[in-house]
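Asks: Got a structure for you, written out below as structure tokens; questions coming shortly.
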Amino acid sequence: MRKSLLHTISQAIDKAAADDLGKSSSKYQQAKRFYRLKVLSFRALKDFLLLVSGIFSAGFGLEGFLLPNKFIDGGATGISLLISEVTKWSLPLLLIIVNIPFVVLGYRQIGKWFSIKTIFSIIGLAICISVVHYPVITSDKLLISVFGGFFLGAGIGLAIRGGGVLDGTEVLAIYISRKTSASVGDIILMFNIFIFSFAAYLLSIETALYSILTYIAASKTMDFLIEGIEEYTGVTIVSPKSEEISEMITHKLGRGITVYKGTHGFGKRGHVSDMNILFTVITRLEISRLRVEVEAIDPHAFVIMQSIKDTKGGMIKKRRLK
């Protein structure tokens, strides 16, 4: 009887301990979900502000400099400007129509949220050009080329930092580079040579030359705003939550990862422990999302990013998620 009583007491204690553990685990999961929601909400607001800033900056570059003086830029925006100048069709409508194939391609290659942000950016730019009337700043052709390109490039760069794009040709260039041996930069250059050649034929050689200067100013400004990130970016992540992060990279981003067995420590007598070190390669259009996802899992994760000019082999092409 004494043994039976002890056994009953032991079971009651185990049950109480299990209940306390379940409640503690439940509170931890709730706090974790709340923190993740907080991080994602803050990032969504930041992306929205970046996209809106990009829209108004690009609109100022177009309305205040390029459009009144019949200058064009490269990419899908340049195509829209060229068609509008020749046919007199509505530029806002052309911006939407020309970018539709790139939005579809971006949805297939990068993801749903990227395409949603891109749609918002392009439609926002079209509305901005239609509704907001910026003053004409100058009639000096050199200033028009430089500063028109500056504000347009700033708009495109801010949109990329917000997780979308105002010009879809970069998405096409990334897609073609995965199918061929050409780099993204080479494809964009060839694409723009084609556009400016048509501009020289349909408008004038002088306009085409100034438009090339506009494109150079826009390109350099865009590269500056996105911190000089190249076509591919190698990301190394050191975190005690490497398993959760690796699951996120493979299942949410659809990217491959390499796991290194390493030792984590600090100082001469600091704590030293074994852990997995993750390495993955992504495009610069996916950096914003990767940062958000990693921060939501481990805000103290040590993340290193480095530019990669080109890659070969491995699972660089994004696999289709089910």
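Within each chain, counting starts at residue 1; across the structure tokens, chains are named A, B, ... in the order shown, with ligands numbered 1 upward in that order.
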Can you pull out every residue from range 212-303 of chain A that DSSP, working from the backbone, puts in strand (DSSP E), and format the result as a ChimeraX atom specification?
Replies: /A:232-238,258-265,272-283,302-303
Asks: Under the rule of at most 6 Å, produce a per-residue listing of range 27-112 of chain A near range 147-164 of chain A: chain, number, name, the closest pair of atoms, and the distance in Å, as CSV, using only C-alpha atoms.
Replies:
```
residue,atom,partner,partner_atom,distance
A:Asp47,CA,A:Gly162,CA,4.1
A:Leu50,CA,A:Gly162,CA,5.2
A:Leu51,CA,A:Ala159,CA,4.7
A:Gly54,CA,A:Gly155,CA,3.6
A:Ile55,CA,A:Gly155,CA,5.9
A:Ser57,CA,A:Gly155,CA,4.8
A:Ala58,CA,A:Leu152,CA,4.2
A:Gly61,CA,A:Gly148,CA,4.5
A:Phe65,CA,A:Gly148,CA,5.1
A:Leu66,CA,A:Gly148,CA,5.9
```
Asks: Grab the CA of Phe56 in chain A to CA of Val104 in chain A distance for me, in Å with one decimal place.
Replies: 24.1 Å
Asks: Looking at only C-alpha atoms, which of A:Ala44, A:Ile123, A:Ile110, A:Val146 is the one that sits closest to Pro92 in chain A?
Replies: A:Ile123
Asks: Can you tell me which residues surround range 93-102 of chain A at a distance of at most 10 Å, considering only C-alpha atoms, apart from same-chain residues fewer than 4 positions away, and format the answer as a PyMOL selection string?
Replies: chain A and resi 75-81+83-84+89+106-108+115+118-119+122-127+130+165-172
Asks: Between CA of Glu206 in chain A and CA of Asp140 in chain A, what is the distance in Å, rounded to a tenth?
Replies: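 Atom-to-atom, CA of Glu206 in chain A and CA of Asp140 in chain A are spaced 13.6 Å apart.
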Asks: Calculated over only C-alpha atoms, which of the candidates A:Glu85, A:Phe48, A:Leu203, A:Asp274 has the smallest distance to Ile116 in chain A?
Replies: A:Phe48
Asks: Can you pull out every residue from range 96-317 of chain A that DSSP, working from the backbone, puts in alpha helix (DSSP H), and format the result as a ChimeraX atom specification?
Replies: /A:96-109,112-131,141-161,169-179,184-202,205-225,242-251,287-297
